[in-house]
Amino acid sequence: MTVPRMRWTDVVEILILAFLIYHILLWIKDTRAWVLLKGLVVVAGFVGVAAVFNMSTILWIVRNVTGFLVIAVVIILQPELRSAIEELGQKNILSSLFNFDATRTPEGLFSDQTINEIVRASVEMAKVRTGALIVIENNTPLNEYMRTGIEMDAKVSSQLLVNIFEKNTPLHDGAVIIRNDRIVAATCYLPLSDNPMDKNLGTRHRAGVGMSEVSDSLTVIVSEETGAISVASKGILYHNITEDELRAHLVKLQNKENQEANRYGNWNLFRKIK
C-alpha cells in the first residue's frame, strides 16, 4: 500500500477548508441555524441506523426528499444567509489589500469638526429631550435608505441638526444620514431590528439597531422620553452613554491613520444592551 504524496497545495486547501468550516460553525452558533443543525444531526442519526439495518422504506423516503430538504433549509435560513453574506462583504478584504477607497483621507472618514458638531448637537438635544436619529455612513452605501427621505447636501453643523429634529418641523420625523462631512438626507426610514430588546426602549432604538445589522454604519440615538444618548453599531446598542463615550465611538469610526481612538479608553467599559 502506497501513501499518496501530499503537495503544498493540499496543505493550503486543508487550511482553507478548516478556516471556512470553523467560521461557518461560529456563524451558525449565533443564529437559528444552530437549532436546525442539531435537528439535522438527530435526523442523520436515524438515517444511519436505517442504513445499518437496511430499512428500505426509510432510505427510499430519504433519497426522494433530500433535494426538497436543501431548498427548505435555504428558504428557512434566508435572513441569516443574507446577513452572513452582507457581513462578508463588509470585511473589505479587497480594500485592505488594494487601497482604492478614495473617500478616506489622512483625516479619516470625516473631520474632527464633524465629530464636534454631532456630539454638541446630541448633548444639546439630550438636555431638552428632543428625539433624534443620526446615521453616519461607513463603507456600505446607504442610497436605498436615502431615497426613503428627502435628499440634502449640507455641511454638518450642530445648529442644523438641532433644527432638523426640532418638534413639529417638517424634517423632524425619521433619520438623518451623514456621509463624510455632509448631511445627505433627512426624514429617512430605517429597518427595524427583530432581535429582543428592553421594552423600555422605543422605535428609534429598534431602528438604530436594525440599521447597524444591515450595514456597517453607526447610529446615534437621542431618546425623547429620557434624554439618554445611545449608539448602535454592528447589531449592538450602547445605551445611556456619556459625551466622552459618544466621542470615542465617532473617533473609532473616523479611523484616522494615527489611530487617535486609543486615547479614549477601554471599549469594554461600554454598557451593552442586545
# chains A, B, ... in the order shown; residues from 1 in each chain; ligands from 1

call {"tool": "closest_atom_pairs", "arguments": {"of": "stretch 172-199 of chain A", "to": "stretch 215-221 of chain A", "cutoff": "10 Å", "atoms": "only C-alpha atoms", "output": "CSV"}}
result
residue,atom,partner,partner_atom,distance
A:Ala175,CA,A:Thr219,CA,9.3
A:Val176,CA,A:Thr219,CA,9.5
A:Ile177,CA,A:Thr219,CA,9.0
A:Ile178,CA,A:Ser217,CA,9.8

call {"tool": "select_by_dssp", "arguments": {"residues": "stretch 31-210 of chain A", "states": "strand (DSSP E or B)", "output": "ChimeraX atom specification"}}
result
/A:105,108,132-136,150-155,175-179,182-188

call {"tool": "residues_around", "arguments": {"residues": "stretch 228-241 of chain A", "least_positions_apart": "2", "cutoff": "8 Å", "atoms": "only C-alpha atoms", "output": "list in words"}}
result
Ser122, Val123, Ala126, His205, Gly208, Val209, Gly210, Ser212, Glu213, Ser215, Asp216, Ser217, Leu218, Thr219, Val220, Ile221, Val222, Ser223, Thr226, Glu243, Glu245, Leu246, His249, Phe270, Arg271, Lys272, Ile273 and Lys274 of chain A

call {"tool": "write_last_selection", "arguments": {"atoms": "N, CA, C and O atoms", "output": "compact mmCIF listing (two decimals), in the first residue's frame"}}
result
# COMPACT_ATOMS: atom_id res chain seq x y z
N SER A 122 -25.99 66.33 19.82
CA SER A 122 -26.58 65.24 20.61
C SER A 122 -26.75 65.64 22.07
O SER A 122 -27.79 65.36 22.68
N VAL A 123 -25.74 66.28 22.63
CA VAL A 123 -25.81 66.70 24.04
C VAL A 123 -26.88 67.76 24.22
O VAL A 123 -27.66 67.72 25.18
N ALA A 126 -30.25 66.11 24.01
CA ALA A 126 -30.49 65.27 25.18
C ALA A 126 -30.95 66.11 26.36
O ALA A 126 -31.82 65.68 27.14
N HIS A 205 -34.69 53.32 18.93
CA HIS A 205 -33.61 52.41 19.27
C HIS A 205 -33.67 51.15 18.42
O HIS A 205 -32.64 50.65 17.95
N GLY A 208 -32.36 52.09 15.06
CA GLY A 208 -30.91 52.26 15.07
C GLY A 208 -30.17 50.94 15.05
O GLY A 208 -29.21 50.75 14.30
N VAL A 209 -30.65 49.98 15.86
CA VAL A 209 -30.03 48.66 15.87
C VAL A 209 -30.27 47.95 14.54
O VAL A 209 -29.36 47.30 14.00
N GLY A 210 -31.48 48.08 14.00
CA GLY A 210 -31.77 47.46 12.71
C GLY A 210 -30.87 47.96 11.61
O GLY A 210 -30.40 47.18 10.77
N SER A 212 -27.84 49.09 12.01
CA SER A 212 -26.49 48.57 12.25
C SER A 212 -26.38 47.10 11.91
O SER A 212 -25.28 46.58 11.75
N GLU A 213 -27.51 46.40 11.81
CA GLU A 213 -27.49 44.98 11.45
C GLU A 213 -27.37 44.77 9.95
O GLU A 213 -26.87 43.74 9.50
N SER A 215 -25.92 47.12 7.83
CA SER A 215 -24.81 47.91 7.27
C SER A 215 -23.75 48.08 8.34
O SER A 215 -23.94 47.71 9.50
N ASP A 216 -22.61 48.65 7.94
CA ASP A 216 -21.54 48.92 8.91
C ASP A 216 -21.58 50.36 9.40
O ASP A 216 -20.59 50.89 9.90
N SER A 217 -22.75 50.99 9.28
CA SER A 217 -22.91 52.36 9.74
C SER A 217 -22.98 52.43 11.26
O SER A 217 -23.09 51.41 11.94
N LEU A 218 -22.91 53.65 11.78
CA LEU A 218 -23.08 53.90 13.20
C LEU A 218 -24.24 54.86 13.37
O LEU A 218 -24.34 55.85 12.63
N THR A 219 -25.14 54.56 14.30
CA THR A 219 -26.32 55.39 14.51
C THR A 219 -26.32 55.97 15.91
O THR A 219 -26.16 55.24 16.89
N VAL A 220 -26.50 57.27 16.00
CA VAL A 220 -26.63 57.96 17.28
C VAL A 220 -28.11 58.18 17.55
O VAL A 220 -28.83 58.72 16.70
N ILE A 221 -28.57 57.74 18.72
CA ILE A 221 -29.98 57.87 19.09
C ILE A 221 -30.11 58.73 20.34
O ILE A 221 -29.41 58.49 21.33
N VAL A 222 -30.98 59.72 20.29
CA VAL A 222 -31.31 60.52 21.47
C VAL A 222 -32.75 60.23 21.82
O VAL A 222 -33.65 60.38 21.00
N SER A 223 -32.98 59.77 23.04
CA SER A 223 -34.31 59.39 23.47
C SER A 223 -35.16 60.61 23.79
O SER A 223 -34.72 61.50 24.53
N THR A 226 -36.38 59.99 27.77
CA THR A 226 -35.43 60.10 28.88
C THR A 226 -34.28 61.07 28.62
O THR A 226 -33.58 61.45 29.56
N GLU A 243 -20.93 61.78 27.10
CA GLU A 243 -20.43 62.58 25.99
C GLU A 243 -19.08 62.06 25.51
O GLU A 243 -18.83 61.96 24.29
N GLU A 245 -17.89 59.00 25.79
CA GLU A 245 -18.07 57.71 25.13
C GLU A 245 -18.62 57.88 23.72
O GLU A 245 -18.21 57.17 22.79
N LEU A 246 -19.54 58.82 23.54
CA LEU A 246 -20.05 59.11 22.20
C LEU A 246 -18.92 59.58 21.30
O LEU A 246 -18.78 59.13 20.15
N HIS A 249 -16.73 56.63 20.22
CA HIS A 249 -17.34 55.85 19.14
C HIS A 249 -17.11 56.52 17.79
O HIS A 249 -16.78 55.87 16.79
N PHE A 270 -18.05 50.05 27.95
CA PHE A 270 -19.35 50.49 27.47
C PHE A 270 -20.43 49.50 27.89
O PHE A 270 -20.23 48.30 27.87
N ARG A 271 -21.61 50.00 28.17
CA ARG A 271 -22.71 49.14 28.57
C ARG A 271 -23.46 48.68 27.34
O ARG A 271 -23.87 49.49 26.51
N LYS A 272 -23.67 47.36 27.24
CA LYS A 272 -24.31 46.78 26.07
C LYS A 272 -25.72 46.31 26.39
O LYS A 272 -25.96 45.70 27.43
N ILE A 273 -26.63 46.61 25.48
CA ILE A 273 -27.98 46.06 25.56
C ILE A 273 -28.29 45.47 24.22
O ILE A 273 -28.30 46.15 23.21
N LYS A 274 -28.57 44.18 24.16
CA LYS A 274 -28.86 43.50 22.91
C LYS A 274 -30.37 43.48 22.69
O LYS A 274 -31.13 43.40 23.60

call {"tool": "residues_around", "arguments": {"residues": "A:Arg206", "least_positions_apart": "4", "cutoff": "9 Å", "atoms": "only C-alpha atoms", "output": "list of chain:residue names"}}
result
A:Pro191, A:Leu192, A:Ser193, A:Asp194, A:Asn195, A:Met197, A:Leu201, A:Gly202, A:Gly210, A:Met211

call {"tool": "write_last_selection", "arguments": {"atoms": "N, CA, C and O atoms", "output": "short mmCIF file (atom, residue, chain, number, x, y, z; two decimals), in the first residue's frame"}}
result
data_model
loop_
_atom_site.label_atom_id
_atom_site.label_comp_id
_atom_site.auth_asym_id
_atom_site.auth_seq_id
_atom_site.Cartn_x
_atom_site.Cartn_y
_atom_site.Cartn_z
N PRO A 191 -34.72 50.22 8.70
CA PRO A 191 -35.26 48.90 9.02
C PRO A 191 -35.25 48.66 10.52
O PRO A 191 -34.30 49.02 11.21
N LEU A 192 -36.30 48.04 11.04
CA LEU A 192 -36.39 47.75 12.46
C LEU A 192 -35.76 46.40 12.78
O LEU A 192 -35.91 45.45 12.02
N SER A 193 -35.08 46.33 13.90
CA SER A 193 -34.46 45.08 14.33
C SER A 193 -35.52 44.11 14.84
O SER A 193 -36.49 44.51 15.50
N ASP A 194 -35.35 42.83 14.53
CA ASP A 194 -36.25 41.78 15.03
C ASP A 194 -35.74 41.16 16.32
O ASP A 194 -36.42 40.32 16.91
N ASN A 195 -34.55 41.54 16.76
CA ASN A 195 -33.98 40.96 17.96
C ASN A 195 -34.67 41.50 19.21
O ASN A 195 -35.12 42.66 19.24
N MET A 197 -35.33 43.29 22.62
CA MET A 197 -34.71 44.45 23.25
C MET A 197 -35.48 44.82 24.50
O MET A 197 -36.60 44.35 24.72
N LEU A 201 -37.22 50.61 25.67
CA LEU A 201 -36.64 51.27 24.51
C LEU A 201 -37.65 51.32 23.39
O LEU A 201 -38.37 50.35 23.14
N GLY A 202 -37.70 52.45 22.70
CA GLY A 202 -38.72 52.66 21.69
C GLY A 202 -38.29 52.32 20.27
O GLY A 202 -37.28 51.67 20.03
N GLY A 210 -31.48 48.08 14.00
CA GLY A 210 -31.77 47.46 12.71
C GLY A 210 -30.87 47.96 11.61
O GLY A 210 -30.40 47.18 10.77
N MET A 211 -30.59 49.26 11.62
CA MET A 211 -29.69 49.83 10.61
C MET A 211 -28.28 49.27 10.77
O MET A 211 -27.58 48.99 9.78
#

call {"tool": "closest_residue", "arguments": {"among": "A:Glu137, A:Glu117, A:Asp173, A:Asp198", "to": "A:Val156", "atoms": "only C-alpha atoms"}}
result
A:Glu117

call {"tool": "closest_residue", "arguments": {"among": "A:Lys167, A:Arg5, A:Lys155, A:Lys256", "to": "A:Met125", "atoms": "only C-alpha atoms"}}
result
A:Lys167
